[in-house]
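J.: As input, take target-v9.cif (mmCIF, C-alpha atoms):
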data_target
#
loop_
_atom_site.label_atom_id
_atom_site.label_comp_id
_atom_site.auth_asym_id
_atom_site.auth_seq_id
_atom_site.Cartn_x
_atom_site.Cartn_y
_atom_site.Cartn_z
CA MET A 128 91.75 77.26 67.01
CA SER A 129 94.77 79.17 65.74
CA SER A 130 96.64 81.73 67.78
CA PRO A 131 96.47 85.42 66.93
CA GLU A 132 99.85 85.17 65.20
CA GLN A 133 98.78 82.19 63.10
CA ALA A 134 95.50 83.83 62.24
CA ALA A 135 97.24 87.01 61.16
CA ASP A 136 99.67 84.97 59.06
CA SER A 137 96.85 83.12 57.36
CA THR A 138 95.12 86.41 56.66
CA ALA A 139 98.22 87.79 54.98
CA VAL A 140 98.65 84.64 52.92
CA ASN A 141 95.04 84.60 51.77
CA GLU A 142 94.46 88.30 51.12
CA ARG A 143 93.60 87.39 47.53
CA SER A 144 90.72 85.17 48.69
CA ILE A 145 88.26 87.37 46.78
CA THR A 146 89.15 90.02 44.21
CA ARG A 147 87.13 93.04 43.19
CA ASN A 148 85.95 91.32 40.01
CA GLU A 149 84.97 88.23 41.98
CA SER A 150 83.07 90.41 44.46
CA MET A 151 81.24 92.07 41.58
CA ALA A 152 80.37 88.65 40.15
CA MET A 153 79.02 87.55 43.53
CA LEU A 154 77.08 90.81 43.91
CA GLY A 155 75.66 90.47 40.41
CA ALA A 156 74.54 86.91 41.12
CA SER A 157 72.91 87.91 44.41
CA VAL A 158 71.10 90.84 42.78
CA LEU A 159 69.95 88.49 40.04
CA SER A 160 68.73 86.02 42.66
CA ALA A 161 66.79 88.71 44.50
CA ALA A 162 65.28 90.06 41.30
CA SER A 163 64.45 86.59 40.03
CA ALA A 164 62.71 85.56 43.24
CA PHE A 165 60.67 88.74 43.21
CA ILE A 166 59.80 88.70 39.51
CA SER A 167 59.10 84.97 39.48
CA THR A 168 56.46 85.32 42.20
CA VAL A 169 54.90 88.32 40.44
CA VAL A 170 54.84 86.55 37.06
CA ALA A 171 53.54 83.31 38.56
CA ARG A 172 50.81 85.22 40.34
CA ARG A 173 49.64 86.66 37.02
CA PHE A 174 49.67 83.32 35.21
CA ILE A 175 47.81 81.09 37.67
CA PRO A 176 44.12 81.36 38.60
CA ALA A 177 43.17 83.74 41.41
CA ASP A 178 41.95 80.94 43.67
CA ASP A 179 45.36 79.25 43.47
CA VAL A 180 47.54 82.28 44.32
CA THR A 181 47.71 81.68 48.08
CA GLU A 182 48.36 77.97 47.56
CA PHE A 183 51.23 78.80 45.20
CA MET A 184 52.74 81.12 47.81
CA VAL A 185 52.42 78.32 50.37
CA PHE A 186 54.15 75.89 47.94
CA TRP A 187 56.89 78.47 47.42
CA SER A 188 57.23 78.83 51.18
CA LEU A 189 57.34 75.04 51.65
CA LEU A 190 59.91 74.43 48.90
CA PHE A 191 62.22 77.23 49.98
CA GLY A 192 61.66 76.35 53.62
CA VAL A 193 63.05 72.88 52.82
CA TYR A 194 65.81 74.53 50.79
CA GLY A 195 66.57 76.67 53.81
CA VAL A 196 67.08 73.55 55.93
CA ILE A 197 69.21 71.91 53.23
CA GLY A 198 71.15 75.18 53.00
CA GLY A 199 72.88 74.27 56.25
CA ILE A 200 74.90 71.85 54.15
CA ALA A 201 76.51 74.78 52.33
CA SER A 202 77.63 76.48 55.54
CA GLU A 203 79.31 73.36 56.90
CA ALA A 204 80.82 72.53 53.50
CA THR A 205 82.38 75.99 53.39
CA ARG A 206 83.71 75.66 56.92
CA ALA A 207 85.06 72.14 56.38
CA VAL A 208 86.76 72.77 53.04
CA GLY A 209 87.93 76.25 54.11
CA ALA A 210 89.39 74.88 57.35
CA ALA A 211 91.21 72.19 55.39
CA PHE A 212 93.01 74.94 53.45
CA LEU A 213 93.84 77.10 56.46
CA ASN A 214 94.83 74.25 58.77
CA ARG A 215 96.91 72.18 56.38
CA HIS A 216 98.00 74.37 53.48
CA GLY A 217 97.78 77.99 54.57
CA ARG A 218 100.59 78.97 52.21
CA GLU A 219 99.30 77.16 49.15
CA ASP A 220 97.13 78.62 46.42
CA ALA A 221 93.60 78.54 47.78
CA GLY A 222 92.30 78.09 44.24
CA SER A 223 93.80 74.63 43.90
CA VAL A 224 91.80 71.59 44.87
CA LYS A 225 95.08 69.80 45.64
CA ALA A 226 95.30 71.85 48.82
CA VAL A 227 92.37 69.96 50.38
CA SER A 228 93.08 67.29 52.98
CA PRO A 229 93.04 63.85 51.33
CA ARG A 230 91.62 62.26 54.49
CA GLY A 231 88.50 64.36 54.90
CA ALA A 232 85.07 63.36 53.63
CA ARG A 233 83.51 64.77 50.47
CA PRO A 234 80.70 67.20 51.38
CA ALA A 235 78.84 66.50 48.11
CA VAL A 236 78.62 62.77 48.87
CA VAL A 237 77.50 63.35 52.45
CA ALA A 238 74.97 65.91 51.18
CA LEU A 239 73.52 63.46 48.66
CA ALA A 240 72.90 60.90 51.40
CA ILE A 241 71.36 63.47 53.73
CA GLY A 242 69.19 64.88 50.94
CA ALA A 243 67.87 61.41 50.12
CA VAL A 244 66.92 60.82 53.76
CA VAL A 245 65.14 64.19 53.96
CA ALA A 246 63.24 63.41 50.74
CA VAL A 247 62.08 60.07 52.17
CA LEU A 248 60.87 61.87 55.29
CA ILE A 249 58.96 64.38 53.18
CA VAL A 250 57.19 61.67 51.19
CA GLY A 251 56.62 59.46 54.23
CA THR A 252 55.03 62.21 56.31
CA ALA A 253 53.10 63.82 53.44
CA PRO A 254 49.76 62.15 54.35
CA LEU A 255 49.89 64.00 57.68
CA TRP A 256 50.18 67.51 56.28
CA SER A 257 49.99 67.76 52.49
CA ASP A 258 46.21 68.09 52.13
CA LYS A 259 46.16 70.99 54.59
CA PHE A 260 48.59 73.09 52.55
CA LEU A 261 48.58 71.70 48.99
CA SER A 262 45.00 70.88 48.14
CA SER A 263 45.59 70.94 44.36
CA HIS A 264 47.78 68.28 42.68
CA THR A 265 48.90 67.25 46.15
CA GLY A 266 50.85 64.14 45.14
CA LEU A 267 52.68 65.83 42.28
CA ALA A 268 53.58 68.83 44.46
CA VAL A 269 55.01 66.55 47.17
CA ILE A 270 57.05 64.60 44.59
CA ALA A 271 58.39 67.86 43.14
CA VAL A 272 59.56 68.99 46.57
CA ALA A 273 61.12 65.59 47.38
CA VAL A 274 63.05 65.26 44.09
CA ALA A 275 64.20 68.86 44.23
CA THR A 276 65.43 68.26 47.79
CA VAL A 277 67.76 65.44 46.73
CA LEU A 278 69.17 67.41 43.81
CA TYR A 279 69.46 70.70 45.66
CA SER A 280 71.40 69.10 48.52
CA VAL A 281 74.28 68.37 46.15
CA GLN A 282 74.03 71.81 44.57
CA VAL A 283 74.41 73.66 47.87
CA ALA A 284 77.24 71.33 48.93
CA MET A 285 79.09 72.25 45.73
CA SER A 286 78.43 75.93 46.34
CA GLY A 287 79.75 75.61 49.90
CA ALA A 288 82.83 73.67 48.78
CA ALA A 289 83.50 76.26 46.07
CA SER A 290 83.35 79.00 48.72
CA GLY A 291 85.80 77.10 50.90
CA MET A 292 88.12 76.74 47.90
CA HIS A 293 87.69 80.46 47.07
CA LYS A 294 86.22 79.69 43.65
CA TRP A 295 83.94 82.70 43.75
CA TYR A 296 83.11 82.71 40.04
CA LEU A 297 81.73 79.19 40.41
CA VAL A 298 79.67 80.27 43.44
CA ALA A 299 78.31 83.20 41.42
CA THR A 300 77.52 80.88 38.52
CA ILE A 301 75.57 78.50 40.75
CA ASN A 302 73.60 81.27 42.46
CA GLY A 303 72.98 83.35 39.36
CA GLY A 304 72.37 80.33 37.13
CA GLU A 305 69.75 78.92 39.45
CA ALA A 306 67.92 82.25 39.58
CA THR A 307 68.01 82.72 35.81
CA TRP A 308 66.81 79.19 35.15
CA ARG A 309 63.88 79.62 37.57
CA PHE A 310 62.73 82.86 36.02
CA ILE A 311 62.92 81.56 32.44
CA ALA A 312 61.20 78.30 33.39
CA VAL A 313 58.33 80.10 35.16
CA VAL A 314 57.76 82.42 32.20
CA ILE A 315 57.84 79.62 29.60
CA VAL A 316 55.58 77.28 31.56
CA GLY A 317 53.26 80.12 32.52
CA LEU A 318 52.84 81.20 28.90
CA ILE A 319 52.33 77.66 27.61
CA ALA A 320 50.24 76.11 30.38
CA GLY A 321 49.48 78.61 33.13
CA SER A 322 48.55 75.83 35.52
CA LEU A 323 49.40 75.74 39.21
CA TRP A 324 51.24 72.41 38.96
CA GLY A 325 53.22 73.50 35.89
CA VAL A 326 54.45 76.67 37.57
CA GLU A 327 55.31 74.72 40.74
CA ALA A 328 57.40 72.26 38.70
CA ALA A 329 59.13 75.18 36.97
CA VAL A 330 60.03 76.72 40.33
CA ALA A 331 61.61 73.43 41.48
CA SER A 332 63.44 72.59 38.23
CA PRO A 333 66.67 74.65 38.77
CA ALA A 334 67.84 72.02 41.28
CA LEU A 335 69.18 70.23 38.17
CA LEU A 336 71.73 72.97 37.49
CA TRP A 337 74.64 71.22 39.24
CA VAL A 338 74.35 68.20 36.94
CA ILE A 339 74.94 70.38 33.89
CA LEU A 340 77.79 72.24 35.59
CA VAL A 341 79.57 69.01 36.55
CA LEU A 342 79.31 67.77 32.96
CA CYS A 343 80.58 71.04 31.48
CA SER A 344 82.96 72.65 33.98
CA PRO A 345 86.23 71.29 35.45
CA HIS A 346 85.91 73.77 38.33
CA ALA A 347 82.48 72.35 39.15
CA ARG A 348 83.93 68.85 39.10
CA GLU A 349 86.64 69.96 41.54
CA ALA A 350 83.99 71.32 43.89
CA PHE A 351 82.01 68.10 43.53
CA VAL A 352 84.95 65.93 44.67
CA ALA A 353 86.45 68.42 47.18
CA ARG A 354 87.18 67.10 50.68
CA GLY A 355 86.73 68.73 54.08
CA ASP A 356 88.84 68.66 57.22
CA VAL A 357 87.00 65.84 59.05
CA PRO A 358 85.94 62.24 58.32
CA ALA A 359 82.46 61.38 57.05
CA LYS A 360 80.97 60.66 60.48
CA GLN A 361 82.05 63.99 61.98
CA LEU A 362 81.14 65.88 58.81
CA THR A 363 77.68 64.31 58.92
CA ILE A 364 77.23 65.29 62.58
CA ASN A 365 78.42 68.86 61.91
CA THR A 366 76.19 69.10 58.86
CA LEU A 367 73.13 67.87 60.76
CA ILE A 368 73.80 70.46 63.46
CA ALA A 369 74.09 73.15 60.79
CA MET A 370 70.87 71.88 59.23
CA GLY A 371 69.13 71.98 62.61
CA SER A 372 70.05 75.62 62.87
CA ALA A 373 69.07 76.13 59.24
CA ALA A 374 65.68 74.58 60.02
CA ALA A 375 65.09 77.25 62.63
CA SER A 376 66.42 79.80 60.15
CA ALA A 377 64.06 78.55 57.46
CA ALA A 378 61.13 78.77 59.87
CA LEU A 379 61.90 82.47 60.28
CA THR A 380 62.75 83.28 56.67
CA THR A 381 61.27 81.34 53.75
CA GLY A 382 59.12 79.19 56.03
CA PHE A 383 57.56 82.00 58.05
CA PRO A 384 54.55 82.31 55.73
CA LEU A 385 53.91 78.59 56.23
CA MET A 386 54.02 79.19 59.98
CA MET A 387 51.38 81.90 59.58
CA LYS A 388 49.27 79.58 57.43
CA VAL A 389 49.32 76.96 60.19
CA THR A 390 48.30 79.42 62.91
CA GLU A 391 45.80 81.41 60.82
CA HIS A 392 42.63 79.41 60.17
CA VAL A 393 40.98 81.03 57.15
CA GLU A 394 38.68 79.76 54.43
CA LYS A 395 39.74 79.83 50.79
CA GLY A 396 38.43 82.82 48.85
CA THR A 397 37.54 84.92 51.92
CA HIS A 398 38.89 88.39 52.75
CA PRO A 399 41.11 87.12 55.64
CA GLU A 400 42.60 84.51 53.30
CA MET A 401 43.39 87.22 50.75
CA VAL A 402 44.99 89.39 53.46
CA LEU A 403 47.13 86.41 54.46
CA GLY A 404 48.25 85.90 50.85
CA ALA A 405 49.03 89.60 50.45
CA LEU A 406 51.00 89.68 53.72
CA ILE A 407 52.99 86.60 52.67
CA PHE A 408 53.87 88.37 49.43
CA ALA A 409 54.76 91.58 51.29
CA ILE A 410 57.13 89.69 53.61
CA SER A 411 58.73 88.01 50.61
CA ILE A 412 59.43 91.16 48.62
CA THR A 413 60.64 93.21 51.61
CA ARG A 414 63.12 90.51 52.59
CA SER A 415 64.60 89.70 49.21
CA PRO A 416 66.71 92.88 48.74
CA ILE A 417 68.69 92.20 51.95
CA MET A 418 68.38 88.49 52.70
CA ILE A 419 69.14 86.95 49.31
CA PRO A 420 72.42 88.87 48.76
CA LEU A 421 73.47 88.18 52.36
CA GLN A 422 72.77 84.46 52.01
CA ALA A 423 74.62 84.41 48.71
CA PHE A 424 77.67 85.96 50.41
CA GLN A 425 77.61 83.60 53.39
CA GLY A 426 80.47 81.59 51.95
CA VAL A 427 82.55 84.74 51.65
CA ALA A 428 81.59 85.77 55.18
CA ILE A 429 82.60 82.40 56.65
CA SER A 430 85.96 82.58 54.87
CA LEU A 431 86.54 86.10 56.20
CA PHE A 432 85.51 85.20 59.75
CA LEU A 433 87.80 82.17 59.61
CA LYS A 434 90.70 84.53 58.93
CA GLN A 435 89.65 86.91 61.74
CA SER A 436 89.29 84.29 64.45
CA HIS A 437 91.62 86.41 66.61
CA ARG A 438 89.02 89.25 66.74
CA PRO A 439 85.56 87.74 66.07
CA VAL A 440 83.42 90.30 67.92
CA ALA A 441 85.25 93.31 66.48
CA ALA A 442 84.88 91.80 63.01
CA MET A 443 81.10 92.06 63.42
CA ALA A 444 80.99 95.83 64.02
CA LYS A 445 81.10 97.17 60.46
CA PRO A 446 78.73 94.65 58.85
CA VAL A 447 76.21 95.08 61.67
CA GLY A 448 76.26 98.86 61.24
CA ALA A 449 75.93 98.49 57.47
CA LEU A 450 72.94 96.16 57.74
CA LEU A 451 71.13 98.42 60.18
CA GLY A 452 71.81 101.45 58.00
CA VAL A 453 70.52 99.71 54.87
CA GLY A 454 67.48 98.47 56.79
CA LEU A 455 66.67 101.96 58.09
CA LEU A 456 66.96 103.59 54.66
CA GLY A 457 64.98 100.78 53.07
CA GLY A 458 62.30 101.07 55.75
CA VAL A 459 61.86 104.78 55.14
CA ALA A 460 61.68 104.21 51.37
CA ALA A 461 59.15 101.40 51.84
CA TYR A 462 57.03 103.63 54.09
CA LEU A 463 56.96 106.44 51.52
CA LEU A 464 56.79 104.55 48.23
CA GLY A 465 55.90 100.99 49.18
CA PRO A 466 52.08 101.15 49.11
CA TRP A 467 51.99 102.62 45.61
CA LEU A 468 54.63 100.23 44.26
CA PHE A 469 53.03 97.20 45.91
CA ILE A 470 49.65 97.79 44.25
CA LEU A 471 51.32 98.67 40.95
CA ILE A 472 53.45 95.53 40.91
CA THR A 473 50.88 93.03 42.18
CA GLY A 474 47.98 94.38 40.17
CA PRO A 475 45.32 92.92 42.46
CA ARG A 476 42.03 91.78 40.99
CA PRO A 477 38.94 93.81 42.01
CA GLU A 478 38.01 91.34 44.74
CA GLU A 479 41.56 91.51 46.15
CA VAL A 480 42.05 95.29 46.26
CA ALA A 481 40.83 95.77 49.84
CA ALA A 482 42.99 92.92 51.19
CA TYR A 483 46.11 94.03 49.33
CA THR A 484 45.62 97.63 50.42
CA GLU A 485 45.35 96.51 54.05
CA ALA A 486 48.58 94.48 53.84
CA SER A 487 50.53 97.19 52.01
CA GLN A 488 50.07 100.21 54.27
CA GLY A 489 53.18 102.35 54.60
CA TRP A 490 53.85 101.49 58.24
CA VAL A 491 53.46 97.78 57.50
CA LEU A 492 55.93 97.72 54.58
CA GLY A 493 58.35 100.02 56.41
CA LEU A 494 58.48 97.83 59.51
CA LEU A 495 58.68 94.64 57.46
CA THR A 496 61.66 96.06 55.57
CA PHE A 497 63.52 97.01 58.74
CA ALA A 498 62.62 93.62 60.21
CA SER A 499 64.46 92.03 57.30
CA ALA A 500 67.62 93.85 58.43
CA VAL A 501 67.14 92.46 61.95
CA MET A 502 66.81 88.99 60.44
CA ALA A 503 69.99 89.66 58.47
CA LEU A 504 71.81 90.37 61.75
CA LEU A 505 70.84 86.90 62.96
CA VAL A 506 72.11 85.32 59.74
CA LEU A 507 75.38 87.26 60.00
CA SER A 508 75.98 86.39 63.65
CA GLY A 509 75.19 82.76 62.86
CA THR A 510 77.83 82.83 60.13
CA ALA A 511 80.37 84.21 62.61
CA VAL A 512 79.78 81.60 65.31
CA LEU A 513 79.80 78.80 62.73
CA ALA A 514 83.15 80.03 61.39
CA MET A 515 84.44 79.89 64.98
CA ASN A 516 83.36 76.23 65.07
CA LEU A 517 80.76 77.02 67.77
CA HIS A 518 78.12 74.67 66.43
CA LYS A 519 76.17 74.47 69.70
CA THR A 520 75.97 78.25 70.00
CA TYR A 521 74.97 78.42 66.34
CA ILE A 522 71.98 76.13 66.75
CA LEU A 523 71.04 77.59 70.16
CA GLY A 524 70.70 81.10 68.71
CA TRP A 525 68.48 79.91 65.89
CA ILE A 526 66.34 77.76 68.18
CA VAL A 527 65.81 80.70 70.54
CA ALA A 528 64.79 82.90 67.62
CA ALA A 529 62.44 80.32 66.10
CA VAL A 530 60.74 79.30 69.35
CA VAL A 531 60.19 82.90 70.46
CA SER A 532 58.84 83.89 67.03
CA LEU A 533 56.47 80.93 66.97
CA MET A 534 55.17 81.78 70.44
CA LEU A 535 54.61 85.40 69.39
CA VAL A 536 52.74 84.35 66.25
CA LEU A 537 50.19 82.78 68.60
CA LEU A 538 49.48 86.07 70.42
CA PRO A 539 45.78 87.07 70.54
CA LEU A 540 46.32 90.01 68.18
CA PRO A 541 45.31 90.82 64.59
CA LEU A 542 47.40 89.04 61.94
CA ILE A 543 49.55 91.94 60.73
CA PRO A 544 50.81 93.35 64.08
CA ARG A 545 51.25 89.79 65.36
CA ALA A 546 53.49 88.92 62.40
CA ILE A 547 55.55 92.10 62.74
CA ILE A 548 56.17 91.60 66.47
CA SER A 549 57.22 88.03 65.82
CA LEU A 550 59.64 89.04 63.05
CA PHE A 551 61.38 91.59 65.29
CA VAL A 552 61.63 90.01 68.74
CA GLY A 553 62.59 86.43 67.87
CA PRO A 554 65.55 87.33 65.61
CA LEU A 555 66.81 89.98 68.06
CA LEU A 556 66.98 87.43 70.88
CA GLY A 557 68.67 84.92 68.60
CA PHE A 558 71.25 87.53 67.56
CA ALA A 559 71.90 88.35 71.23
CA THR A 560 72.46 84.64 71.93
CA HIS A 561 75.02 84.36 69.13
CA MET A 562 76.89 87.47 70.25
CA ALA A 563 76.99 86.25 73.86
CA GLY A 564 78.51 83.01 72.60
CA LEU A 565 81.19 84.89 70.66
CA VAL A 566 82.09 86.99 73.71
CA LEU A 567 82.31 83.97 76.01
CA ASP A 568 84.43 82.07 73.49
CA ALA A 569 86.79 85.02 73.10
CA LYS A 570 87.25 85.21 76.89
CA LYS A 571 87.79 81.47 77.10
CA ARG A 572 90.51 81.60 74.47
CA GLY A 573 92.08 84.70 76.00
CA ILE A 574 91.97 86.72 72.79
CA SER A 575 90.83 90.21 71.91
CA LYS A 576 87.15 90.56 71.13
#
Write out the structure in this file as structure tokens.

T.:
Amino acid sequence: MSSPEQAADSTAVNERSITRNESMAMLGASVLSAASAFISTVVARRFIPADDVTEFMVFWSLLFGVYGVIGGIASEATRAVGAAFLNRHGREDAGSVKAVSPRGARPAVVALAIGAVVAVLIVGTAPLWSDKFLSSHTGLAVIAVAVATVLYSVQVAMSGAASGMHKWYLVATINGGEATWRFIAVVIVGLIAGSLWGVEAAVASPALLWVILVLCSPHAREAFVARGDVPAKQLTINTLIAMGSAAASAALTTGFPLMMKVTEHVEKGTHPEMVLGALIFAISITRSPIMIPLQAFQGVAISLFLKQSHRPVAAMAKPVGALLGVGLLGGVAAYLLGPWLFILITGPRPEEVAAYTEASQGWVLGLLTFASAVMALLVLSGTAVLAMNLHKTYILGWIVAAVVSLMLVLLPLPLIPRAIISLFVGPLLGFATHMAGLVLDAKKRGISK
């Protein structure tokens, strides 16, 4: 790790790493992603039959849970490519692919291989779990998830490499383009077919975006062939560690509804099953406004933490305060306006009104919204320790959070309070683990916190 003087020098050299216009492009893409995820689920819910709504939400949770695991590729790609710039060419233009180490492995190639292995595991293990979660069009749904996994692995590797190369417009294009494609595809398929399988395929289809970008954009081709700072073997190991942490992250974010589905034994069409579906939707829409923009800016955050390696703990102060402030304001707003908006937006059918009212009480939506800010703290602290190359601390924090949350989901309490307790306590302990790792590393290196 660089000394304080070297870190300060690199910071001065790379002050232009993201301009105001680039920040606005990234913000616009993240807002579009959040809006698209929210609107897509609302639109899909209106197009598909009532009996299939909960299964669609489970498919969504499964697909984006897998995406969450694959998303670890992006974090390591950003770190590897970004470190190659800072370590070898700190004074060169960070927008030039020529600045990347010629000896490092290509993250996109490593990601393709890893994605293929994950897809094989999904298909190979499907007989053990698919019928329990995807009772309709089971085989087609599994194939959709597997194919999307292979394609998406390359897409997130390109996004991560673009972040490491400070090509923020390309990152915004990937994030915003994927969201736009998904929304348009869901609307078109919903209007034409309105079937569960058709909408599921539409949700998975944006994983093809990177193919079009590589064919049309020289910047995308640069990100596709970019190299990191380590050989293929080490990059693979680092990526798998990042994916292990991302697996725990996915269990707490996009995969949490699936976790509830596993622990909540309900029959299809019953009131408890409808409450579960409504709560899954409530968790999704209360998280999107904070989590999706934060995840979209992870590449930026890693780049910034790389340049503040001489003061990692202090660098956390402002973003932590900002996240808690946003979460508090959002929680109050959700408490006051959430129940009315939730019913207005979801438009529950007569048989669903009681379940949706139960899951959208003011205190429930308010706490879920603030819980999303707590989850965001865990994501942010994970980004910081990963930028400091503390891969073991990174995965330890996420494992602590996931294991504690899973244990709390099993508490002998009603579904809603059990879910809320789990969403608060697990992420808080994971965040504390990450921060302890940063403090210990700072002491070890003899630098200011």

J.: Mind checking which residues fall within 7 Å of A:Pro234, counting all atoms listed in the file, ignoring those fewer than 5 positions away in the same chain, and posting them as a count of residues only?

T.: 4

J.: For A:Pro541, list every protein, DNA or RNA residue within 12 Å, evaluated using only C-alpha atoms, and leave out those in the same chain fewer than 2 positions away; present the list as a ChimeraX atom specification.

T.: /A:387,390-391,399,402-403,485-486,535-539,543-548

J.: Give one line per residue of stretch 135-214 of chain A that approaches stretch 287-296 of chain A to at most 6 Å, naming the two atoms of the closest pair and their distance in Å to one decimal, counting all atoms listed in the file; sort by chain then ascending residue number and deliver it as a Markdown table.

T.:
| residue | atom | partner | partner_atom | distance |
| --- | --- | --- | --- | --- |
| A:Ser144 | CA | A:His293 | CA | 5.8 |
| A:Glu149 | CA | A:Trp295 | CA | 5.9 |
| A:Ala201 | CA | A:Gly287 | CA | 4.1 |
| A:Ala204 | CA | A:Gly287 | CA | 4.9 |
| A:Thr205 | CA | A:Gly291 | CA | 4.4 |
| A:Val208 | CA | A:Gly291 | CA | 4.9 |
| A:Gly209 | CA | A:Gly291 | CA | 3.9 |

J.: Expand the PyMOL selection byres ((chain A and resi 528) around 7) into the explicit residue set it covers here, and present it as a VMD selection string.

T.: chain A and resid 524 to 527 529 to 532 553 to 554 556 to 557

J.: Which polymer residues have any atom within 12 Å of an atom of A:Leu492, counting all atoms listed in the file, with same-chain residues fewer than 3 positions away left out, as a PDB file with C-alpha atoms, in the frame of the given file?

T.:
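Resulting contents of result.pdb:
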ATOM      1  CA  ALA A 405      49.030  89.600  50.450  1.00  0.00           C
ATOM      2  CA  LEU A 406      51.000  89.680  53.720  1.00  0.00           C
ATOM      3  CA  ILE A 407      52.990  86.600  52.670  1.00  0.00           C
ATOM      4  CA  PHE A 408      53.870  88.370  49.430  1.00  0.00           C
ATOM      5  CA  ALA A 409      54.760  91.580  51.290  1.00  0.00           C
ATOM      6  CA  ILE A 410      57.130  89.690  53.610  1.00  0.00           C
ATOM      7  CA  SER A 411      58.730  88.010  50.610  1.00  0.00           C
ATOM      8  CA  ILE A 412      59.430  91.160  48.620  1.00  0.00           C
ATOM      9  CA  THR A 413      60.640  93.210  51.610  1.00  0.00           C
ATOM     10  CA  ARG A 414      63.120  90.510  52.590  1.00  0.00           C
ATOM     11  CA  GLY A 454      67.480  98.470  56.790  1.00  0.00           C
ATOM     12  CA  GLY A 457      64.980 100.780  53.070  1.00  0.00           C
ATOM     13  CA  GLY A 458      62.300 101.070  55.750  1.00  0.00           C
ATOM     14  CA  VAL A 459      61.860 104.780  55.140  1.00  0.00           C
ATOM     15  CA  ALA A 460      61.680 104.210  51.370  1.00  0.00           C
ATOM     16  CA  ALA A 461      59.150 101.400  51.840  1.00  0.00           C
ATOM     17  CA  TYR A 462      57.030 103.630  54.090  1.00  0.00           C
ATOM     18  CA  LEU A 463      56.960 106.440  51.520  1.00  0.00           C
ATOM     19  CA  LEU A 464      56.790 104.550  48.230  1.00  0.00           C
ATOM     20  CA  GLY A 465      55.900 100.990  49.180  1.00  0.00           C
ATOM     21  CA  PRO A 466      52.080 101.150  49.110  1.00  0.00           C
ATOM     22  CA  TRP A 467      51.990 102.620  45.610  1.00  0.00           C
ATOM     23  CA  LEU A 468      54.630 100.230  44.260  1.00  0.00           C
ATOM     24  CA  PHE A 469      53.030  97.200  45.910  1.00  0.00           C
ATOM     25  CA  TYR A 483      46.110  94.030  49.330  1.00  0.00           C
ATOM     26  CA  THR A 484      45.620  97.630  50.420  1.00  0.00           C
ATOM     27  CA  GLU A 485      45.350  96.510  54.050  1.00  0.00           C
ATOM     28  CA  ALA A 486      48.580  94.480  53.840  1.00  0.00           C
ATOM     29  CA  SER A 487      50.530  97.190  52.010  1.00  0.00           C
ATOM     30  CA  GLN A 488      50.070 100.210  54.270  1.00  0.00           C
ATOM     31  CA  GLY A 489      53.180 102.350  54.600  1.00  0.00           C
ATOM     32  CA  LEU A 495      58.680  94.640  57.460  1.00  0.00           C
ATOM     33  CA  THR A 496      61.660  96.060  55.570  1.00  0.00           C
ATOM     34  CA  PHE A 497      63.520  97.010  58.740  1.00  0.00           C
ATOM     35  CA  ALA A 498      62.620  93.620  60.210  1.00  0.00           C
ATOM     36  CA  SER A 499      64.460  92.030  57.300  1.00  0.00           C
ATOM     37  CA  ILE A 543      49.550  91.940  60.730  1.00  0.00           C
ATOM     38  CA  PRO A 544      50.810  93.350  64.080  1.00  0.00           C
ATOM     39  CA  ILE A 547      55.550  92.100  62.740  1.00  0.00           C
TER      40      ILE A 547
END

J.: For the PyMOL selection byres ((chain A and resi 357) around 12), applied here, can you spell out every residue it catches as a ChimeraX atom specification?

T.: /A:203-204,206-211,214,227-234,237,354-356,358-366

J.: Can I get the selected residues back with C-alpha atoms, as an mmCIF file, keeping the file's coordinate frame?

T.:
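Saved result, part-v9.cif, follows:
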data_model
loop_
_atom_site.group_PDB
_atom_site.id
_atom_site.type_symbol
_atom_site.label_atom_id
_atom_site.label_comp_id
_atom_site.auth_asym_id
_atom_site.auth_seq_id
_atom_site.Cartn_x
_atom_site.Cartn_y
_atom_site.Cartn_z
ATOM 1 C CA GLU A 203 79.310 73.360 56.900
ATOM 2 C CA ALA A 204 80.820 72.530 53.500
ATOM 3 C CA ARG A 206 83.710 75.660 56.920
ATOM 4 C CA ALA A 207 85.060 72.140 56.380
ATOM 5 C CA VAL A 208 86.760 72.770 53.040
ATOM 6 C CA GLY A 209 87.930 76.250 54.110
ATOM 7 C CA ALA A 210 89.390 74.880 57.350
ATOM 8 C CA ALA A 211 91.210 72.190 55.390
ATOM 9 C CA ASN A 214 94.830 74.250 58.770
ATOM 10 C CA VAL A 227 92.370 69.960 50.380
ATOM 11 C CA SER A 228 93.080 67.290 52.980
ATOM 12 C CA PRO A 229 93.040 63.850 51.330
ATOM 13 C CA ARG A 230 91.620 62.260 54.490
ATOM 14 C CA GLY A 231 88.500 64.360 54.900
ATOM 15 C CA ALA A 232 85.070 63.360 53.630
ATOM 16 C CA ARG A 233 83.510 64.770 50.470
ATOM 17 C CA PRO A 234 80.700 67.200 51.380
ATOM 18 C CA VAL A 237 77.500 63.350 52.450
ATOM 19 C CA ARG A 354 87.180 67.100 50.680
ATOM 20 C CA GLY A 355 86.730 68.730 54.080
ATOM 21 C CA ASP A 356 88.840 68.660 57.220
ATOM 22 C CA PRO A 358 85.940 62.240 58.320
ATOM 23 C CA ALA A 359 82.460 61.380 57.050
ATOM 24 C CA LYS A 360 80.970 60.660 60.480
ATOM 25 C CA GLN A 361 82.050 63.990 61.980
ATOM 26 C CA LEU A 362 81.140 65.880 58.810
ATOM 27 C CA THR A 363 77.680 64.310 58.920
ATOM 28 C CA ILE A 364 77.230 65.290 62.580
ATOM 29 C CA ASN A 365 78.420 68.860 61.910
ATOM 30 C CA THR A 366 76.190 69.100 58.860
#
